[in-house]
Structure formats: C-alpha cells, structure tokens
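Reproduced below: protein13.txt, with compact mmCIF, C-alpha atoms (C1' of nucleotides).
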```txt
# COMPACT_ATOMS: atom_id res chain seq x y z
CA MET A 11 -7.89 -84.48 -18.21
CA THR A 12 -7.09 -80.79 -18.11
CA ASP A 13 -5.07 -78.60 -20.47
CA LEU A 14 -6.86 -79.58 -23.60
CA SER A 15 -5.95 -77.99 -26.90
CA ILE A 16 -8.86 -76.62 -28.91
CA GLY A 17 -8.67 -79.65 -31.19
CA LYS A 18 -8.91 -82.10 -28.30
CA LEU A 19 -11.75 -80.09 -26.84
CA ALA A 20 -13.50 -80.27 -30.20
CA THR A 21 -13.13 -84.03 -30.35
CA ARG A 22 -14.31 -84.54 -26.79
CA SER A 23 -17.23 -82.17 -27.00
CA GLY A 24 -18.39 -82.86 -30.53
CA VAL A 25 -18.26 -79.15 -31.32
CA LYS A 26 -16.10 -78.05 -34.23
CA VAL A 27 -13.00 -75.95 -33.70
CA PRO A 28 -14.24 -72.81 -35.50
CA THR A 29 -17.51 -73.07 -33.62
CA ILE A 30 -15.68 -73.13 -30.30
CA ARG A 31 -13.82 -69.98 -31.24
CA TYR A 32 -17.09 -68.46 -32.41
CA TYR A 33 -18.74 -69.23 -29.07
CA GLU A 34 -15.88 -67.55 -27.28
CA SER A 35 -16.11 -64.50 -29.54
CA ILE A 36 -19.78 -63.98 -28.70
CA GLY A 37 -19.29 -64.65 -25.02
CA MET A 38 -21.06 -68.03 -24.93
CA LEU A 39 -17.97 -69.88 -23.75
CA GLU A 40 -15.56 -68.62 -21.16
CA ALA A 41 -12.22 -67.54 -22.64
CA PRO A 42 -9.56 -70.02 -21.51
CA PRO A 43 -5.98 -69.30 -20.48
CA ARG A 44 -3.33 -69.43 -23.17
CA SER A 45 -0.09 -71.30 -23.64
CA PRO A 46 3.14 -69.24 -23.73
CA GLY A 47 2.76 -69.19 -27.51
CA GLY A 48 -0.83 -67.92 -27.35
CA GLN A 49 -2.80 -71.11 -27.93
CA ARG A 50 -5.94 -71.86 -25.96
CA ARG A 51 -5.71 -74.36 -23.10
CA TYR A 52 -9.00 -75.70 -21.80
CA GLY A 53 -9.95 -77.42 -18.56
CA ALA A 54 -12.66 -79.86 -17.56
CA ASP A 55 -15.04 -77.01 -16.75
CA HIS A 56 -14.87 -75.78 -20.33
CA LEU A 57 -15.62 -79.23 -21.62
CA GLU A 58 -18.66 -79.45 -19.38
CA GLN A 59 -19.84 -76.02 -20.43
CA LEU A 60 -19.43 -76.87 -24.10
CA ARG A 61 -21.31 -80.15 -23.75
CA PHE A 62 -24.13 -78.25 -22.10
CA ILE A 63 -24.28 -75.88 -25.04
CA ARG A 64 -24.07 -78.66 -27.57
CA HIS A 65 -26.83 -80.63 -25.96
CA GLY A 66 -29.00 -77.54 -25.79
CA ARG A 67 -28.37 -76.80 -29.44
CA GLU A 68 -29.33 -80.36 -30.36
CA LEU A 69 -32.62 -79.75 -28.59
CA GLY A 70 -33.09 -76.63 -30.69
CA PHE A 71 -32.57 -74.00 -28.00
CA GLY A 72 -31.29 -70.66 -29.22
CA LEU A 73 -27.98 -69.41 -27.91
CA ASP A 74 -29.72 -66.67 -25.92
CA ASP A 75 -31.90 -69.27 -24.15
CA LEU A 76 -28.83 -71.33 -23.41
CA ARG A 77 -27.11 -68.32 -21.97
CA ALA A 78 -30.06 -67.79 -19.67
CA LEU A 79 -30.00 -71.45 -18.66
CA GLN A 80 -26.27 -71.29 -18.05
CA ASP A 81 -26.75 -68.28 -15.82
CA LEU A 82 -29.30 -70.26 -13.83
CA THR A 83 -26.84 -73.12 -13.40
CA ALA A 84 -24.55 -70.69 -11.67
CA ARG A 85 -27.26 -69.97 -9.05
CA PRO A 86 -28.32 -73.45 -7.95
CA ASP A 87 -30.55 -72.32 -5.07
CA ARG A 88 -32.88 -70.21 -7.18
CA PRO A 89 -36.28 -71.64 -8.11
CA CYS A 90 -36.27 -73.34 -11.46
CA GLU A 91 -39.38 -71.68 -12.80
CA GLU A 92 -37.45 -69.77 -15.37
CA ALA A 93 -35.66 -72.87 -16.64
CA ASP A 94 -39.00 -74.62 -16.80
CA ALA A 95 -40.56 -71.74 -18.72
CA ILE A 96 -37.74 -71.69 -21.27
CA ALA A 97 -38.04 -75.44 -21.80
CA ARG A 98 -41.83 -75.24 -22.17
CA LYS A 99 -41.53 -72.44 -24.67
CA GLN A 100 -39.04 -74.53 -26.62
CA LEU A 101 -41.34 -77.53 -26.50
CA ALA A 102 -44.25 -75.47 -27.78
CA ASP A 103 -42.08 -74.13 -30.56
CA VAL A 104 -40.96 -77.60 -31.58
CA GLU A 105 -44.55 -78.83 -31.58
CA ARG A 106 -45.58 -75.92 -33.76
CA ARG A 107 -42.79 -76.67 -36.19
CA ILE A 108 -43.68 -80.35 -36.33
CA ALA A 109 -47.30 -79.51 -37.10
CA GLY A 110 -46.22 -77.17 -39.88
CA LEU A 111 -43.84 -79.70 -41.35
CA GLU A 112 -46.48 -82.42 -41.22
CA ALA A 113 -48.84 -80.28 -43.26
CA VAL A 114 -46.02 -79.67 -45.70
CA ARG A 115 -45.17 -83.36 -45.82
CA ASP A 116 -48.77 -84.29 -46.62
CA GLU A 117 -48.90 -81.74 -49.39
CA LEU A 118 -45.61 -82.92 -50.85
CA GLU A 119 -46.81 -86.51 -50.71
CA ARG A 120 -49.92 -85.61 -52.67
CA MET A 121 -47.83 -83.80 -55.23
CA VAL A 122 -45.42 -86.64 -55.71
CA GLU A 123 -48.04 -89.39 -55.73
CA ARG A 124 -50.08 -87.71 -58.40
CA CYS A 125 -47.15 -87.04 -60.67
CA SER A 126 -48.02 -88.87 -63.87
CA HIS A 127 -44.37 -89.07 -64.94
CA GLY A 128 -45.30 -87.46 -68.21
CA VAL A 129 -44.26 -84.04 -69.43
CA VAL A 130 -43.85 -80.89 -67.41
CA ASP A 131 -47.00 -79.32 -68.74
CA GLU A 132 -49.12 -82.01 -67.10
CA CYS A 133 -46.93 -82.44 -64.05
CA ARG A 134 -48.78 -82.29 -60.80
CA VAL A 135 -45.67 -81.03 -59.04
CA ILE A 136 -45.48 -77.93 -61.20
CA GLN A 137 -49.24 -77.49 -61.28
CA THR A 138 -49.53 -77.59 -57.53
CA LEU A 139 -46.84 -75.01 -57.10
CA SER A 140 -48.51 -72.76 -59.63
CA ASP A 141 -51.93 -73.01 -58.08
CA HIS A 142 -52.35 -73.07 -54.36
CA ALA A 143 -56.02 -73.95 -54.81
CA LEU A 144 -54.92 -77.50 -55.66
CA CYS A 145 -53.74 -77.90 -52.08
CA GLU A 146 -55.97 -79.51 -49.53
CA GLY A 147 -54.15 -78.61 -46.32
CA ASP A 148 -53.36 -75.18 -44.92
CA HIS A 149 -49.61 -75.45 -44.73
CA GLY A 150 -49.15 -71.73 -45.30
CA THR A 151 -51.22 -70.71 -42.31
CA SER A 152 -48.90 -71.54 -39.44
CA GLY A 153 -45.17 -71.10 -39.67
CA GLU A 154 -42.84 -74.03 -39.19
CA HIS A 155 -39.62 -72.13 -38.58
CA MET B 13 -55.32 -56.21 -63.34
CA THR B 14 -51.99 -55.14 -64.79
CA ASP B 15 -49.68 -52.26 -63.85
CA LEU B 16 -49.47 -53.13 -60.20
CA SER B 17 -47.26 -51.12 -57.91
CA ILE B 18 -44.90 -53.12 -55.74
CA GLY B 19 -47.20 -52.57 -52.77
CA LYS B 20 -50.24 -53.92 -54.60
CA LEU B 21 -48.19 -56.87 -55.82
CA ALA B 22 -47.14 -57.51 -52.25
CA THR B 23 -50.75 -57.49 -51.05
CA ARG B 24 -51.93 -59.77 -53.83
CA SER B 25 -49.08 -62.22 -53.61
CA GLY B 26 -48.60 -62.31 -49.86
CA VAL B 27 -44.90 -61.55 -50.32
CA LYS B 28 -43.52 -58.50 -48.54
CA VAL B 29 -42.24 -55.50 -50.47
CA PRO B 30 -38.56 -55.81 -49.47
CA THR B 31 -38.69 -59.52 -50.26
CA ILE B 32 -39.96 -58.80 -53.75
CA ARG B 33 -37.08 -56.41 -54.34
CA TYR B 34 -34.73 -59.01 -52.89
CA TYR B 35 -36.02 -61.67 -55.28
CA GLU B 36 -35.44 -59.33 -58.18
CA SER B 37 -31.92 -58.54 -56.98
CA ILE B 38 -30.95 -62.22 -56.95
CA GLY B 39 -32.66 -62.94 -60.25
CA MET B 40 -35.54 -64.99 -58.83
CA LEU B 41 -38.19 -62.62 -60.15
CA GLU B 42 -38.13 -60.99 -63.56
CA ALA B 43 -37.34 -57.27 -63.38
CA PRO B 44 -40.49 -55.35 -64.36
CA PRO B 45 -40.74 -52.19 -66.45
CA ARG B 46 -40.66 -48.88 -64.62
CA SER B 47 -42.93 -45.86 -64.44
CA PRO B 48 -41.60 -42.53 -65.80
CA GLY B 49 -40.50 -41.76 -62.24
CA GLY B 50 -38.64 -45.05 -61.90
CA GLN B 51 -41.11 -47.11 -59.88
CA ARG B 52 -41.73 -50.78 -60.64
CA ARG B 53 -44.89 -51.67 -62.54
CA TYR B 54 -45.88 -55.32 -62.48
CA GLY B 55 -48.18 -57.38 -64.68
CA ALA B 56 -50.25 -60.51 -64.15
CA ASP B 57 -47.31 -62.71 -65.14
CA HIS B 58 -45.24 -61.34 -62.30
CA LEU B 59 -48.03 -62.02 -59.86
CA GLU B 60 -48.23 -65.61 -61.05
CA GLN B 61 -44.48 -66.04 -60.83
CA LEU B 62 -44.41 -64.63 -57.32
CA ARG B 63 -47.25 -66.86 -56.13
CA PHE B 64 -45.34 -69.83 -57.50
CA ILE B 65 -42.29 -68.81 -55.49
CA ARG B 66 -44.31 -68.15 -52.37
CA HIS B 67 -46.06 -71.46 -52.52
CA GLY B 68 -42.78 -73.25 -53.06
CA ARG B 69 -41.23 -71.46 -50.09
CA GLU B 70 -44.19 -72.47 -47.93
CA LEU B 71 -43.43 -76.05 -48.87
CA GLY B 72 -39.87 -75.54 -47.77
CA PHE B 73 -38.15 -75.56 -51.16
CA GLY B 74 -34.93 -73.63 -51.40
CA LEU B 75 -34.72 -70.77 -53.85
CA ASP B 76 -32.32 -72.73 -56.04
CA ASP B 77 -34.81 -75.60 -56.30
CA LEU B 78 -37.54 -73.15 -57.15
CA ARG B 79 -35.40 -71.64 -59.84
CA ALA B 80 -34.91 -75.08 -61.33
CA LEU B 81 -38.66 -75.72 -61.15
CA GLN B 82 -39.39 -72.35 -62.74
CA ASP B 83 -37.03 -73.17 -65.59
CA LEU B 84 -38.92 -76.40 -66.12
CA THR B 85 -42.20 -74.53 -66.30
CA ALA B 86 -40.77 -72.62 -69.23
CA ARG B 87 -40.25 -75.92 -71.13
CA PRO B 88 -43.64 -77.62 -70.81
CA ASP B 89 -42.91 -80.49 -73.20
CA ARG B 90 -39.92 -81.82 -71.30
CA PRO B 91 -40.39 -84.92 -69.13
CA CYS B 92 -41.11 -84.05 -65.54
CA GLU B 93 -38.59 -86.41 -64.01
CA GLU B 94 -36.49 -83.58 -62.73
CA ALA B 95 -39.45 -81.85 -61.09
CA ASP B 96 -40.41 -85.14 -59.53
CA ALA B 97 -36.89 -85.70 -58.26
CA ILE B 98 -36.74 -82.26 -56.68
CA ALA B 99 -40.08 -82.79 -54.97
CA ARG B 100 -39.07 -86.23 -53.71
CA LYS B 101 -35.83 -84.89 -52.34
CA GLN B 102 -37.78 -82.16 -50.58
CA LEU B 103 -40.21 -84.71 -49.18
CA ALA B 104 -37.37 -86.85 -47.88
CA ASP B 105 -35.79 -83.80 -46.29
CA VAL B 106 -39.03 -82.80 -44.60
CA GLU B 107 -39.51 -86.34 -43.30
CA ARG B 108 -36.00 -86.34 -41.91
CA ARG B 109 -36.61 -83.03 -40.17
CA ILE B 110 -39.89 -84.24 -38.70
CA ALA B 111 -38.20 -87.34 -37.32
CA GLY B 112 -35.47 -85.24 -35.76
CA LEU B 113 -37.94 -82.81 -34.27
CA GLU B 114 -40.05 -85.64 -32.87
CA ALA B 115 -37.04 -87.01 -31.03
CA VAL B 116 -36.36 -83.53 -29.73
CA ARG B 117 -39.98 -83.09 -28.70
CA ASP B 118 -39.97 -86.36 -26.75
CA GLU B 119 -36.81 -85.36 -24.95
CA LEU B 120 -38.18 -81.93 -24.10
CA GLU B 121 -41.38 -83.50 -22.83
CA ARG B 122 -39.43 -85.74 -20.50
CA MET B 123 -37.44 -82.79 -19.24
CA VAL B 124 -40.48 -80.68 -18.57
CA GLU B 125 -42.56 -83.45 -17.03
CA ARG B 126 -39.90 -84.38 -14.56
CA CYS B 127 -39.23 -80.85 -13.45
CA SER B 128 -39.93 -80.90 -9.72
CA HIS B 129 -40.55 -77.14 -9.63
CA GLY B 130 -38.00 -76.84 -6.89
CA VAL B 131 -34.64 -75.15 -7.09
CA VAL B 132 -32.25 -75.03 -10.01
CA ASP B 133 -29.84 -77.47 -8.44
CA GLU B 134 -32.42 -80.25 -8.58
CA CYS B 135 -34.02 -79.13 -11.80
CA ARG B 136 -34.37 -81.86 -14.35
CA VAL B 137 -34.25 -79.32 -17.15
CA ILE B 138 -30.79 -78.14 -16.18
CA GLN B 139 -29.64 -81.63 -15.26
CA THR B 140 -30.66 -83.06 -18.58
CA LEU B 141 -28.85 -80.36 -20.48
CA SER B 142 -25.74 -80.91 -18.41
CA ASP B 143 -25.72 -84.65 -18.85
CA HIS B 144 -26.65 -86.20 -22.14
CA ALA B 145 -26.66 -89.62 -20.48
CA LEU B 146 -30.00 -88.71 -18.93
CA CYS B 147 -31.55 -88.75 -22.39
CA GLU B 148 -33.28 -91.79 -23.67
CA GLY B 149 -33.62 -90.95 -27.34
CA ASP B 150 -30.91 -90.25 -29.89
CA HIS B 151 -31.94 -86.81 -30.97
CA GLY B 152 -28.37 -85.77 -31.65
CA THR B 153 -27.74 -88.56 -34.11
CA SER B 154 -29.70 -87.36 -37.14
CA GLY B 155 -29.96 -83.71 -38.07
CA GLU B 156 -33.28 -81.95 -38.15
CA HIS B 157 -32.32 -78.87 -40.14
C1' DC C 22 -51.14 -27.46 -54.54
C1' DT C 23 -50.00 -29.67 -50.64
C1' DA C 24 -49.20 -33.31 -47.68
C1' DA C 25 -49.31 -38.00 -46.68
C1' DT C 26 -48.18 -42.29 -48.40
C1' DA C 27 -45.56 -45.18 -51.01
C1' DG C 28 -41.75 -45.87 -53.55
C1' DC C 29 -36.48 -45.73 -54.52
C1' DT C 30 -31.23 -47.25 -53.60
C1' DA C 31 -27.63 -48.74 -50.77
C1' DT C 32 -26.04 -50.83 -46.92
C1' DA C 33 -25.96 -53.42 -42.66
C1' DG C 34 -27.78 -56.90 -39.66
C1' DC C 35 -30.11 -61.31 -38.11
C1' DG C 36 -28.76 -66.51 -36.36
C1' DG C 37 -25.40 -69.79 -36.17
C1' DC C 38 -22.13 -70.98 -37.99
C1' DT C 39 -18.43 -72.21 -42.03
C1' DA C 40 -14.63 -71.12 -45.17
C1' DT C 41 -10.55 -68.82 -46.58
C1' DA C 42 -6.00 -66.57 -46.36
C1' DG C 43 -1.81 -65.89 -44.46
C1' DG C 44 0.75 -66.37 -40.70
C1' DT C 45 2.72 -68.85 -35.96
C1' DT C 46 3.35 -72.61 -32.49
C1' DC C 47 3.73 -77.10 -31.03
C1' DA C 48 5.02 -81.98 -30.76
C1' DA C 49 6.92 -86.10 -32.57
C1' DG C 50 10.54 -88.37 -35.21
C1' DG C 51 15.26 -88.61 -36.69
C1' DC D 6 18.85 -80.46 -31.19
C1' DC D 7 16.52 -79.76 -35.34
C1' DT D 8 13.24 -80.36 -38.72
C1' DT D 9 8.88 -81.06 -40.46
C1' DG D 10 4.11 -81.10 -40.69
C1' DA D 11 -0.01 -80.85 -38.22
C1' DA D 12 -2.42 -77.96 -35.50
C1' DC D 13 -3.05 -73.52 -34.01
C1' DC D 14 -3.71 -68.23 -34.47
C1' DT D 15 -6.37 -63.77 -36.26
C1' DA D 16 -9.19 -61.38 -39.39
C1' DT D 17 -12.44 -61.30 -42.69
C1' DA D 18 -16.03 -62.80 -45.85
C1' DG D 19 -19.75 -65.79 -47.02
C1' DC D 20 -23.90 -68.84 -46.34
C1' DC D 21 -29.55 -68.57 -46.49
C1' DG D 22 -33.48 -65.85 -46.84
C1' DC D 23 -34.73 -62.32 -45.64
C1' DT D 24 -35.48 -57.71 -42.57
C1' DA D 25 -34.28 -53.06 -41.03
C1' DT D 26 -32.40 -48.56 -41.47
C1' DA D 27 -31.27 -44.07 -43.61
C1' DG D 28 -31.93 -40.60 -46.70
C1' DC D 29 -34.00 -39.54 -50.63
C1' DT D 30 -37.99 -39.07 -54.63
C1' DA D 31 -42.52 -40.21 -56.88
C1' DT D 32 -47.26 -40.66 -56.75
C1' DT D 33 -51.89 -39.78 -55.33
C1' DA D 34 -55.98 -38.17 -52.62
C1' DG D 35 -58.14 -34.22 -51.03
```
What's the structure tokens form of this structure?
Amino acid sequence: MTDLSIGKLATRSGVKVPTIRYYESIGMLEAPPRSPGGQRRYGADHLEQLRFIRHGRELGFGLDDLRALQDLTARPDRPCEEADAIARKQLADVERRIAGLEAVRDELERMVERCSHGVVDECRVIQTLSDHALCEGDHGTSGEH
Amino acid sequence: MTDLSIGKLATRSGVKVPTIRYYESIGMLEAPPRSPGGQRRYGADHLEQLRFIRHGRELGFGLDDLRALQDLTARPDRPCEEADAIARKQLADVERRIAGLEAVRDELERMVERCSHGVVDECRVIQTLSDHALCEGDHGTSGEH
DNA sequence: CTAATAGCTATAGCGGCTATAGGTTCAAGG
DNA sequence: CCTTGAACCTATAGCCGCTATAGCTATTAG
C-alpha cells in the first residue's frame, strides 16, 4: 500500500504525473521522502491528500480554497463555518456561471437555428456576431467565468 | 466618428485598452495608422471589428474561431457552412460545460445542505471532499471546461 | 505654457497545468 | 550479474486570454 512511485500514485489518484510534481512545487502536496536514487516515494497519506485535491478540483474549487480546506482538515475540532462559507461561495459561483452559460447557449441556439445555409453575407451566425442588437438575451451582462 | 484614440475606442467598444493592444499584437485586430507622435488612431471599421470580437468572446468563442469567422466575413459570397460548423461546435461545447457544471452544482448543494454547522471533523463539506464515494452524481466523468 | 491625463513599449505575471529536452534510476528478463 | 527499456529526475518554456507594472512621451484643457 505504501511506497508508491509517482507513476503508481498518478494511476491511483487520477492525477497526472507532471501535475503531482507541480502540486509539490507550489506547496499543495507534501513533499515525500526519496529513494536512494532520488525518486519520490509516496505513502497512503499522500494518496488521500491527492484525492482530496482532485475531488475539490472536479468541483471547481481553486487551489487556494483547497489549501484553506486542507488546513481545516488538520484542525478537526474547529467549527466548520469557514468550510461551509467556502463551499457556499463556490456554489454561488457555479450557479452564476451556469446562468451565464445558459444565456450564451440560448443565443447560440438562435444563431444556429436561423442560419439559412446560404452564403456568408446572409448568414445569421456572422450577422449576429457583427450586430449585438440582433441578440435577445443579455449574455454580456453577467460573467460566466 | 473616425480618428478615435485607443481610449475612445475602448469606451465605445467595451474592450479595455490593454486588451486592444494585445489583440493588435497577436494579429486579431488590424493595426491602425498613427498620429505624428506615434499614437494609434482608429476608424469606424476598427470599432466594428472590435465589437465583432467582443461579442464573439461573450459567446465563448476562442480567438482562433473568431479569426476564422472574421476571415469568412471578408468573403461574403462563400457558403456559410464553415461559420455554421464553428457555431455548432461552440454550442455543443457550451452545452457540455453546462451539464458538467450542473452536476457540480448538485453535488455542492448536497454538501452545503448537509453541513451540520458543527466542528470540522463532522463537517459534510470536508467529508465529501475526502471521500468521493459520498457523491451521488458523476461530476468527474465529463469535463466542464 | 503648464500640468494633468492619456498614450507608448517592453516585460512579467495570473491560474492550472502541459510539453519538451536532456539526463538518471529502477526493475524485470535473460 | 548484466542489460535494456520504461519510468523517473530537473529545468524551462508554453498554453489561453488577458492584466499589471515600470519608465517613458504625446496630447489636450485651462
């Protein structure tokens, strides 16, 4: 179970090898001990830590948020208000992005549906891009990133 | 109407000054003539071009796609299949991202709802991040970026 | 004419990786 | 035991689409 090479750790965690090294370089992942030849040797704790990060990334958390959440994990008797606040902020952000993307999707659908499949000069796709007034939604108003 | 400074162009187009210079540097926006002192002087055509780019960016198109669409605009008698294809690809991409974000949103909602507002050790937020098995959806399966 | 504002170039940084080059170590097969 | 080839190492640059900084010059309003 222990003494995983970086490749094995990558396979087990679902995080790519260069990404693991990157996480170590920015202090996201604890630096492991090394083999006599200088190669990294990971334990079960690293695997757990990396899975935590991966899962957080899948949920769209930034690395700084995940660092804060990791720090909280290390103090299990503290109130979880901060963790809750970070998660709520993330949820709000995701909801905002969804709303933005839905406006964009609707606009793109209109563009594509109205394309007459003729020549560029009459193409609704090009026309819509050229003239924002042809839009019905307000996709530009709220950011989706 | 013509002979806009870069600041005026920025105001009228909604694109920031450094971004305009960036677009010029990567060949997205035609380089304008200069004043005797070397400052950029834009015309109505530049404003139109920049609004096209801005609108496309709001719809999530990459700069390379927008370049392709711009090139099509310059050949108005060509069939608009390519424009249509680019827009459809973009629509599909946006739909994929929405689906991914919706899975993420649902998971975050579950996390936040179940937070008992106690201590970190019992916090559902931290627990869920630590153990993917607590998730019900498959947010990690399809990418949302 | 002066002073504030706006412009200029060049360069570096953001997030979160990913790719490349050029070298070293490890592990399995013979 | 030795060879081979995969996996590992470091360092550095690049991706996208900007944004920020520093140190300078041009324009414009009063």
Using all atoms listed in the file, find the residues of chain A whose closest atom to chain D is at most 12 Å away, then write them as an MDAnalysis selection string.
chainID A and resid 15:18 27:28 31 35 44:45 47:51
Should the cut-off be 8 Å, what would the residue list for chain A against chain B look like, counting all atoms listed in the file, as a PyMOL selection string?
chain A and resi 58-59+61-63+65-66+68-70+79+82-83+85-91+93-94+97-98+100-101+104-105+108+111-112+114-115+117-119+121-122+125+127-133+135-136+139-142+149-150
Point out the residue among A:Gly147, A:Pro46, A:Gly24, A:Gly53 with the least atom-to-atom distance to chain C, counting all atoms listed in the file.
A:Pro46
May I ask for the distance between atom CA of A:Asp55 and atom C1' of C:DA48, given in Å to one decimal place?
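Answer for the atom CA of A:Asp55 to atom C1' of C:DA48 separation: 25.0 Å.
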Figure out the distance between atom C1' of C:DA40 and atom CA of A:His56, please, to one decimal in Å.
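Calculated distance between atom CA of A:His56 and atom C1' of C:DA40 is 25.3 Å.
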In Å, how far is it from atom C1' of C:DG36 to atom CA of A:Glu34?
15.8 Å
Which of these residues is nearest to chain C, using only C-alpha atoms (C1' of nucleotides): A:Ala41, A:Leu73, A:Ala78, A:Leu144?
A:Leu73
Set up a box along x, y and z of the file covering all listed atoms of stretch 45-50 of chain C, add 5 Å on every one of the six sides, and write the centre and edge lengths in Å to one decimal, as AutoDock Vina command-line options.
```
--center_x 6.6 --center_y -78.6 --center_z -33.4 --size_x 17.8 --size_y 29.5 --size_z 15.2
```
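For chain C, the residues having at least one atom no farther than 8 Å from chain B, when counting all atoms listed in the file, are DA27, DG28 and DC29 of chain C.
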